[in-house]
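**Q** Below are the structure tokens for one structure; questions will follow.
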There are 4 protein chains.
Amino acid sequence: MAMVTGAEYLKRIAQLESTIWIDGEFVKGKSTEHPAFKAVLEAKASLYDMVLDDDYADILQASDKNANFSFEIPRTKADLTKRRKATQLWAQSTLGVLGRSPEYVNTMIAIMAGAKDFFAEDGKEYGESIQSIYERAVKNDYTFTHTFVNPSISRKPFYPDGESVEQPVAAKIIEENEKGVVIDGARLLATQGGITDELLVLPSAAFVDSDYLFGCTVPSDTEGLLFLSRPSFGKETQFDYPLSATLEEGDAVVVFDHVFVPWERVFMYRNEWLMSQLFARTGIEAFLLYQAANRQIVKTEWLLGVAQALVDTLNIGQHTHVQGKVSEVIVALEAMRGFVYSAETQAQANEYEIMVPKLEPLKASACYFQMTYARLIEIIQLLGASHFISAPSKKDFASPIAGRLERFMRGEYTSAKEKTKLLRLARDLSISEFGSRQMLYERYFFGDPVRVASGLYHFADCQKQKYVEWVQTFLKKMD
Amino acid sequence: MAMVTGAEYLKRIAQLESTIWIDGEFVKGKSTEHPAFKAVLEAKASLYDMVLDDDYADILQASDKNANFSFEIPRTKADLTKRRKATQLWAQSTLGVLGRSPEYVNTMIAIMAGAKDFFAEDGKEYGESIQSIYERAVKNDYTFTHTFVNPSISRKPFYPDGESVEQPVAAKIIEENEKGVVIDGARLLATQGGITDELLVLPSAAFVDSDYLFGCTVPSDTEGLLFLSRPSFGKETQFDYPLSATLEEGDAVVVFDHVFVPWERVFMYRNEWLMSQLFARTGIEAFLLYQAANRQIVKTEWLLGVAQALVDTLNIGQHTHVQGKVSEVIVALEAMRGFVYSAETQAQANEYEIMVPKLEPLKASACYFQMTYARLIEIIQLLGASHFISAPSKKDFASPIAGRLERFMRGEYTSAKEKTKLLRLARDLSISEFGSRQMLYERYFFGDPVRVASGLYHFADCQKQKYVEWVQTFLKKMD
Amino acid sequence: MAMVTGAEYLKRIAQLESTIWIDGEFVKGKSTEHPAFKAVLEAKASLYDMVLDDDYADILQASDKNANFSFEIPRTKADLTKRRKATQLWAQSTLGVLGRSPEYVNTMIAIMAGAKDFFAEDGKEYGESIQSIYERAVKNDYTFTHTFVNPSISRKPFYPDGESVEQPVAAKIIEENEKGVVIDGARLLATQGGITDELLVLPSAAFVDSDYLFGCTVPSDTEGLLFLSRPSFGKETQFDYPLSATLEEGDAVVVFDHVFVPWERVFMYRNEWLMSQLFARTGIEAFLLYQAANRQIVKTEWLLGVAQALVDTLNIGQHTHVQGKVSEVIVALEAMRGFVYSAETQAQANEYEIMVPKLEPLKASACYFQMTYARLIEIIQLLGASHFISAPSKKDFASPIAGRLERFMRGEYTSAKEKTKLLRLARDLSISEFGSRQMLYERYFFGDPVRVASGLYHFADCQKQKYVEWVQTFLKKMD
Amino acid sequence: MAMVTGAEYLKRIAQLESTIWIDGEFVKGKSTEHPAFKAVLEAKASLYDMVLDDDYADILQASDKNANFSFEIPRTKADLTKRRKATQLWAQSTLGVLGRSPEYVNTMIAIMAGAKDFFAEDGKEYGESIQSIYERAVKNDYTFTHTFVNPSISRKPFYPDGESVEQPVAAKIIEENEKGVVIDGARLLATQGGITDELLVLPSAAFVDSDYLFGCTVPSDTEGLLFLSRPSFGKETQFDYPLSATLEEGDAVVVFDHVFVPWERVFMYRNEWLMSQLFARTGIEAFLLYQAANRQIVKTEWLLGVAQALVDTLNIGQHTHVQGKVSEVIVALEAMRGFVYSAETQAQANEYEIMVPKLEPLKASACYFQMTYARLIEIIQLLGASHFISAPSKKDFASPIAGRLERFMRGEYTSAKEKTKLLRLARDLSISEFGSRQMLYERYFFGDPVRVASGLYHFADCQKQKYVEWVQTFLKKMD
């Protein structure tokens, strides 16, 4: 098996019996037919079909032709280059919008399996767990979502103190026996929660009570597992909301109601030391950032296309301030590309012989894009301006007033309908709830920007020290 | 009559037979019962009731107790102070959100009537027209919307060139006879289009073909007048969208399909010179800006309340960067208040003995708020962060999962439901389509910010010259 | 006596025997003839002459004609208005650049004397001290500088802990007897240190060891008092550095080397409670901010003049981005004016019957100007651009190459020499050490901007609470 | 010969008899001993010595060991990588501050020689000219400066119109004969004008009167050539101004007073078409940007060192806002590195078999650094804050007050003297005239930022078009 068609994928997801609640209602029947999930699942199905398409197979299939690229563990810089192209190709198909393109967590699974000796440091059974999780994923061509953020009471994550035994808030181990462990409590904001094959669970931080420290995967329809999805931002009409109608993916709180996880699915367990090293030593931090940066490059290309299409359609390209705004998008695009080239060129094999992209530029890219994306969206808003307020709907163009719309709202070189279609895309990207969620998603993708910046400050200690010494050496000569 | 109750107002509006199209459908029956208009009309009705409420009468009624304050022509600084308080009081009732609070255009009508001699310079009939328009408005306690922006083909307004005689785009005079004139073409973006008693029409610029130069009012249900409304951003559930559900007001393209306007409704006609002086000499520019600034003060107070409520609920007030963000709102609020106090203190009577607030600080306030409001909204977004993504709905709290929401999503000191209610308000203010339209509305309220800034640059020529001379005098002494 | 001429003032300062060190040298002889101090003292002398000038006397003299305006305690709003005009008039003479215009500390002295009952709460002798300090100041028409910042070891002020008894760092009481107290240690950054008649000393914070809590004045040439001045940013040639050459005022570390202060000069002593209330209850915080805001208004007017003169001379006014930059200066100017009008209009008499400007807008103005001034200076830099690099000197124009400079560096409508003179002024304002110190001075005038913003956040608690309640009331109705 | 020692280089420059005027005085005698030029020439001499130093030879010498790296024409990506390392190594020695490191123009000469067929399109003599210029430069190990900006009357460059025949402003051809051409007029702002071996002259734009279109080199001491240098920003004391005292390089207006240029030094002549293609087709635009980006990387590393040294010395690293500011420097550094890696990885050989770095990321880097450098300097200012105002001088530490400075101004872990040394470096970088000139230099390095952004907008037309088509294809499917 190993590589499935989109149809096979959809069939499998349709058979999942996940417990999902959305907008006060329990999702009965197939998620593939539910209005909140149908579109995104079809979008993902098309990614599966691309893998089997001869036009893309060289890029999208692993070298051994037994899996899609996301399951391949990179060993050389050429592997990274291939992976970059594949990531960007899939992202193009979804406009860089999907937070849980199948590869995002697949890559984590693959890299962790590649670094299985890391987990085995705590007992070889943990190394075997991650390896078998990986093999099963490859064999079945699975998709995952993941969750590691604890519920916040205030914005700070809610930690153990004060939880009653009966009612933990953050998901924790409440029982352990020969066969496995029992988890109770919740984790936040699993994108596509309930509509992926499995769920990857990781701790949110290393230095907490060990009851919170476990890494495992569980099928989405495991008994006791509930997905409390936020209301859908999906829309029906593609003309009016082309993105909301096709790429809304949902987010859910994941509730573990005494969920039993067998040992063979547990690959990390009550080990602060391993947890504190997980992201850096295995390489998954670099790979997650690398995937994200490549996706964001495609998203920025898409944004550049929308921006320039607005400029052309509204015929405002002669203004230097408009040119300046589009130039900002171009600079952001080249900066993101640069971070990725920098990470690739400086990649090095880690102790598990995985070729890991350089972390420094990728951490900087995360910081940069968090700061920049909101400005890119603001540029779209500034280009569209009040056109975004007045944009008519598909129904308007199907009504008796269509003729008047054509007369009064046409573009210099386009019909009112074509112009409106573009405006509605641009506003869906920048001012609809879907677009606003995208903005928040990018802004908080790697965490609170203030903390991400502080993290970068500390991460760069070594580099900073080097330059401080340079300054000190220089100053010694000045007198 | 002169001051009507909210119920009387609603009854009158219900009887209007305006031709409104919205989302492809013709609005049949009473607008007061239409889902797109019901809420805003009720909000406005409550403003009428306030005027007759003893608690507010001193502030909200004109000195002669025969009209609401908006129709009173200010003659003293005390009149301005009273007007400020009244404007802010009405704005509080609608959170500073309504673009067409009844007073906005009423004030224009009143000030123009006060300056009727200005219009009479071109013939005394024009002075009589504006006077009788005013008197009728006072007598009936009317509301207006207004329109002066031409349709844009590109973003630049579309001017005469190239229009065929049969199919003008921008509304223009196509016929003139003893009884009046016939108008054909369109104007953009009348807020509350079709659901006010009358429509005030002004030219969009002074130096254009005189066919485009006319000022008049027409009843909203005049024959041939069509309002093509954009799709409504209204929502049904107040819990989920407290602003969208109560204060969405709509915007419309106004189409004049051979609309006949009798001479007694025309107060300006084919006169470039008058048009070029209209805003400055009558004082209406200052009064429009003054009303807007007072409304925006209230809106900023509301924003400050929402910001601080988020800070309290999410328990993040200890972070200096959070304090800094809230401080930005406070600075903006005091700045806006300052512009208004400045304008009042420096007010001067014009040639028509109208006490006009100083224009300089008000023009600066427009420029300032355009630049600042988007940042204020960004601050709300940054405070709410990913909480805005995951917020549950009213239906969620009415469903079997309510208990889990309370367990996992409560605040430090508030229930999940109370916390969610606030989050949904804050997100309706900052990321819903309603909130996004508000952001664009403020950003473009006085026109493209680039042009508004250029306008301020030129407007300040005299003041700048004074300081240039100071510099030159100083330089003469330096050697 | 009471009001002296500039010449009398200079003569008195020349007789001061302050101990000043600058750039490694002890200042011997008259400070009025020292290159580092001559210019600023002459600039101040001219302020004294203005007071006696019939053209300005109405504004610059107190109502009783016995002192300059700065010593008058405002009792009515009209007094405030007069004070505003006087402050701005003096500031115009020094371009808003002087941090220690005579009135700055004079005003503190006057207001504290007006609130002498405040100090008398701790013993009537303290009330008498401040009153006699004030009377002596009025009688002699004194100028002061003041100091309250402790030396920092790191940027945080250095507090008692760890100081040895023999070598205190921050100035503290080390002895006390019948006649007075002995102070040892240092305070930071007294502007014009050593060249004012007296020095006002206040604690830097309320809640510290009481050894640090004392308020007093001492003559600048008190025995044991040393002023360690930073190197001068002054320049000789007015053509090349018109501001550095005329308005550089110096800053100094003040060292108290066992300085004896008699009781009659001590008006606050070891009293945490009074110190914590000093700024708010007496009104001095509001008056200091009011003076600063009025000075900054004039400085911004000057900046606007320089900006527009650059635009005219370089002939770049047709670019919208240039217009936009100048508009930012105009907005800042109107905002600052607004804060002041707002503070005046809302002024209220305090418990000492002093008419105190409203603190809220003034605290916001401090926050605003800190954030804005650096941008205004950046605008000057962006307008001058590379012209600031290449500007010739006075000597160049007196040399054989003058003709070539005229040929190659002239402006569109100005000679090379006139153009250069303006460019050199603009660069002295924005990129010389003098200009850079001004930029830092404004940025840190009221303290670290991050802390000032946090201070505003807390100060506004009451106002914020009011709006939070509004939000809560609104939310109760939403369901 | 080919590679000279620093001493040989200095000796050669000392023998130059350039005509330089500075601050109204003619530079008599050796420039190497003139206070305005001595330091920078010694800094450059040390670069020459580095080339011959065994530790650096592999990187700094060309592969054939006959010239320094700057004269080597890159043929492979490995050549580019070597060049990057060499550029950064030299830049480290001068802190990335020198605008005219020898390699900057050397590289242009080398690349133009590599593309000599380009010039030969207009006549083979032009190809021969550039080749012989190159060979002579290599043989003698020359340094150049260059000039191409016309004098501006307003900020727009001054073009032919209206110049009288006798008195051209912009340098132009006024005579032509068998042996060569005669040039009269001026060009702006040659860095190190007069103290390099030769001067490279290029037109400032392609589409102008052909009298202005010529490319040539001339020795700096050519008859009729005058350098009107701006006043020096140099300082004597390294302790007080470590950068101004060691790296000030000067800028000059270059006057051609009937300068004769023989044909063998002219490589481009009155050819609009070639001029319009020069930068793109030969590759020099990419190489200039590549050199600049590499230099700016080193400068940013230096800035990061200074920033962190300030943080350590002032002990302020615990504040998140301080961490955030330093993180901005890190992000900028990684972004600049990314642009360079991106340009290298995507490099392609051009029609002259020169391996040219990809232009897109380099043009974006220019735009990015222009926008970013001023912020980096602002960060230094914000970290140093008022410490920059009060910093003592070397003389202070050599005077009797040194003990008091140590007592009152020491750092938490450093002596007052060490702390001051760092502060004086940081302020020399950020607020001295030297530092301010650096800020303007980077901001205008590639021209007015508004125009550079517009240039990028147009340059990216092809890429933008691709993404617009993607958008259009997507929209076709939406209905």
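Labels used: A, B, ... for chains in the order of the structure tokens, numbers from 1 for residues in each chain, and numbers from 1 for ligands as shown.
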Residues of stretch 27-57 of chain C classed as helix (DSSP H, G or I) by DSSP on the backbone are to be reported as a list in words.

**A**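 Secondary structure check on stretch 27-57 of chain C, helix (DSSP H, G or I): Ser31, Thr32, Glu33, Lys38, Ala39, Val40, Leu41, Glu42, Ala43, Lys44, Ala45, Ser46, Leu47, Tyr48, Asp49, Met50, Val51, Leu52 and Ala57 of chain C.
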
**Q** Report as a ChimeraX atom specification the set of chain B residues whose atoms approach chain A to within 6 Å, with distances computed over only C-alpha atoms.

**A** /B:23-24,153-155,169,230,314-315,390,392,395-396,399,408,410-412,431-433,436

**Q** Using the selection just defined, write its residues with N, CA and C atoms as a PDB file, in the first residue's frame.

**A**
```pdb
ATOM      1  N   ASP B  23     -27.995  41.831  -1.629  1.00  0.00           N
ATOM      2  CA  ASP B  23     -27.592  40.443  -1.880  1.00  0.00           C
ATOM      3  C   ASP B  23     -28.479  39.787  -2.940  1.00  0.00           C
ATOM      4  N   GLY B  24     -28.745  40.539  -3.979  1.00  0.00           N
ATOM      5  CA  GLY B  24     -29.495  39.985  -5.100  1.00  0.00           C
ATOM      6  C   GLY B  24     -30.994  40.013  -4.943  1.00  0.00           C
ATOM      7  N   ILE B 153     -13.703  53.810 -11.426  1.00  0.00           N
ATOM      8  CA  ILE B 153     -13.444  52.677 -12.299  1.00  0.00           C
ATOM      9  C   ILE B 153     -12.150  52.097 -11.756  1.00  0.00           C
ATOM     10  N   SER B 154     -11.066  52.842 -11.884  1.00  0.00           N
ATOM     11  CA  SER B 154      -9.951  52.505 -11.014  1.00  0.00           C
ATOM     12  C   SER B 154     -10.258  53.227  -9.700  1.00  0.00           C
ATOM     13  N   ARG B 155      -9.328  53.281  -8.775  1.00  0.00           N
ATOM     14  CA  ARG B 155      -9.626  53.915  -7.495  1.00  0.00           C
ATOM     15  C   ARG B 155      -9.829  55.409  -7.660  1.00  0.00           C
ATOM     16  N   VAL B 169     -21.779  57.424 -15.968  1.00  0.00           N
ATOM     17  CA  VAL B 169     -21.455  56.624 -14.792  1.00  0.00           C
ATOM     18  C   VAL B 169     -21.678  57.481 -13.547  1.00  0.00           C
ATOM     19  N   ARG B 230     -24.659  46.786  -0.298  1.00  0.00           N
ATOM     20  CA  ARG B 230     -23.741  45.640  -0.211  1.00  0.00           C
ATOM     21  C   ARG B 230     -24.366  44.592   0.688  1.00  0.00           C
ATOM     22  N   LEU B 314      -7.963  37.942  31.072  1.00  0.00           N
ATOM     23  CA  LEU B 314      -6.869  37.017  30.723  1.00  0.00           C
ATOM     24  C   LEU B 314      -5.730  37.116  31.731  1.00  0.00           C
ATOM     25  N   ASN B 315      -5.849  38.058  32.654  1.00  0.00           N
ATOM     26  CA  ASN B 315      -4.889  38.171  33.755  1.00  0.00           C
ATOM     27  C   ASN B 315      -3.459  38.389  33.256  1.00  0.00           C
ATOM     28  N   SER B 390     -10.213  30.369  19.117  1.00  0.00           N
ATOM     29  CA  SER B 390     -10.878  29.209  19.713  1.00  0.00           C
ATOM     30  C   SER B 390     -12.209  29.506  20.383  1.00  0.00           C
ATOM     31  N   PRO B 392     -15.702  29.626  21.726  1.00  0.00           N
ATOM     32  CA  PRO B 392     -16.917  28.844  21.441  1.00  0.00           C
ATOM     33  C   PRO B 392     -18.101  29.755  21.135  1.00  0.00           C
ATOM     34  N   LYS B 395     -24.309  28.384  21.063  1.00  0.00           N
ATOM     35  CA  LYS B 395     -24.843  27.018  20.956  1.00  0.00           C
ATOM     36  C   LYS B 395     -23.979  26.030  21.735  1.00  0.00           C
ATOM     37  N   ASP B 396     -22.681  26.255  21.738  1.00  0.00           N
ATOM     38  CA  ASP B 396     -21.802  25.367  22.503  1.00  0.00           C
ATOM     39  C   ASP B 396     -22.184  25.358  23.975  1.00  0.00           C
ATOM     40  N   SER B 399     -25.203  23.288  24.827  1.00  0.00           N
ATOM     41  CA  SER B 399     -25.120  21.885  24.404  1.00  0.00           C
ATOM     42  C   SER B 399     -24.545  21.016  25.525  1.00  0.00           C
ATOM     43  N   PHE B 408     -12.493  23.497  31.000  1.00  0.00           N
ATOM     44  CA  PHE B 408     -11.224  23.705  30.298  1.00  0.00           C
ATOM     45  C   PHE B 408     -10.989  25.135  29.815  1.00  0.00           C
ATOM     46  N   ARG B 410     -12.331  28.133  31.305  1.00  0.00           N
ATOM     47  CA  ARG B 410     -12.692  29.219  32.220  1.00  0.00           C
ATOM     48  C   ARG B 410     -11.521  30.198  32.355  1.00  0.00           C
ATOM     49  N   GLY B 411     -11.802  31.390  32.855  1.00  0.00           N
ATOM     50  CA  GLY B 411     -10.749  32.349  33.162  1.00  0.00           C
ATOM     51  C   GLY B 411     -10.289  32.208  34.593  1.00  0.00           C
ATOM     52  N   GLU B 412      -9.288  32.972  34.917  1.00  0.00           N
ATOM     53  CA  GLU B 412      -8.761  32.866  36.275  1.00  0.00           C
ATOM     54  C   GLU B 412      -9.827  33.262  37.299  1.00  0.00           C
ATOM     55  N   ILE B 431     -11.952  41.416  14.417  1.00  0.00           N
ATOM     56  CA  ILE B 431     -11.649  40.483  13.319  1.00  0.00           C
ATOM     57  C   ILE B 431     -12.851  39.992  12.540  1.00  0.00           C
ATOM     58  N   SER B 432     -14.068  40.329  12.958  1.00  0.00           N
ATOM     59  CA  SER B 432     -15.216  39.927  12.140  1.00  0.00           C
ATOM     60  C   SER B 432     -15.304  40.848  10.924  1.00  0.00           C
ATOM     61  N   GLU B 433     -16.174  40.517   9.998  1.00  0.00           N
ATOM     62  CA  GLU B 433     -16.340  41.413   8.848  1.00  0.00           C
ATOM     63  C   GLU B 433     -16.875  42.769   9.287  1.00  0.00           C
ATOM     64  N   SER B 436     -13.892  44.560  10.691  1.00  0.00           N
ATOM     65  CA  SER B 436     -12.972  44.931   9.617  1.00  0.00           C
ATOM     66  C   SER B 436     -13.515  46.117   8.827  1.00  0.00           C
TER      67      SER B 436
END
```

**Q** Distance atom CA of C:Thr420-atom CA of B:Asp461, one decimal place?

**A**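 Pair atom CA of C:Thr420 / atom CA of B:Asp461 returns 23.6 Å.
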
**Q** As a ChimeraX atom specification, please: all residues of stretch 204-374 of chain C that backbone DSSP puts in strand (DSSP E).

**A** /C:214-219,225-229,251-262,266-269,348-349,355-356

**Q** For C-alpha atoms, I'd like the residues from the last selection saved as a compact mmCIF listing (two decimals), in the first residue's frame.

**A**
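Listing of again_33.txt after writing:
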```txt
# COMPACT_ATOMS: atom_id res chain seq x y z
CA PHE C 214 15.50 65.00 51.76
CA GLY C 215 14.51 68.07 49.81
CA CYS C 216 16.55 71.23 49.93
CA THR C 217 18.21 73.94 47.90
CA VAL C 218 21.85 74.93 48.05
CA PRO C 219 23.82 77.69 46.31
CA LEU C 225 29.69 70.73 46.05
CA LEU C 226 31.32 69.61 42.80
CA PHE C 227 29.91 69.59 39.30
CA LEU C 228 31.49 67.02 37.02
CA SER C 229 30.32 68.26 33.65
CA ASP C 251 24.93 68.44 32.01
CA ALA C 252 26.78 67.43 35.13
CA VAL C 253 27.07 64.82 37.80
CA VAL C 254 26.65 66.61 41.12
CA VAL C 255 28.96 65.42 43.86
CA PHE C 256 28.19 66.23 47.47
CA ASP C 257 31.46 65.93 49.32
CA HIS C 258 30.30 66.28 52.91
CA VAL C 259 28.10 69.21 52.00
CA PHE C 260 26.49 70.94 54.95
CA VAL C 261 22.89 72.08 54.46
CA PRO C 262 21.37 74.27 57.19
CA VAL C 266 15.55 71.78 54.13
CA PHE C 267 11.85 71.52 53.31
CA MET C 268 11.35 67.76 53.31
CA TYR C 269 13.13 65.29 55.54
CA GLN C 348 -9.05 72.63 38.73
CA ALA C 349 -7.93 74.35 41.90
CA MET C 355 -5.16 76.27 39.67
CA VAL C 356 -3.61 73.00 38.43
```

**Q** So the first atom is atom CA of C:Asn68 and the second is atom CA of C:Thr81; what is the distance between them in Å, to one decimal place?

**A**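 The value is 15.2 Å.
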
**Q** Report as number ranges by chain all protein, DNA and RNA residues lying within 9 Å of stretch 283-295 of chain D, evaluated on only C-alpha atoms, omitting residues in the same chain fewer than 4 positions from it.

**A** D: 83-85, 87-88, 90-92, 95-99, 103-105, 107-109, 111-112, 115, 278-279, 299-300, 336-337, 339-340, 343, 350, 354-360, 362-363, 365-366, 369, 446

**Q** Report the distance between atom CA of C:Tyr341 and atom CA of C:Val326 in Å, rounded to one decimal place.

**A** 22.8 Å

**Q** Near A:Leu422, counting only C-alpha atoms, which residues have an atom at most 8 Å away, once you skip same-chain residues fewer than 5 positions from it, shown as a VMD selection string?

**A** (chain A and resid 306 309 to 310) or (chain D and resid 475)

**Q** Have a look at C:His319, C:Gln296, C:Asp211, C:Trp263 and name the one nearest to C:Asn177; count only C-alpha atoms.

**A** C:Trp263
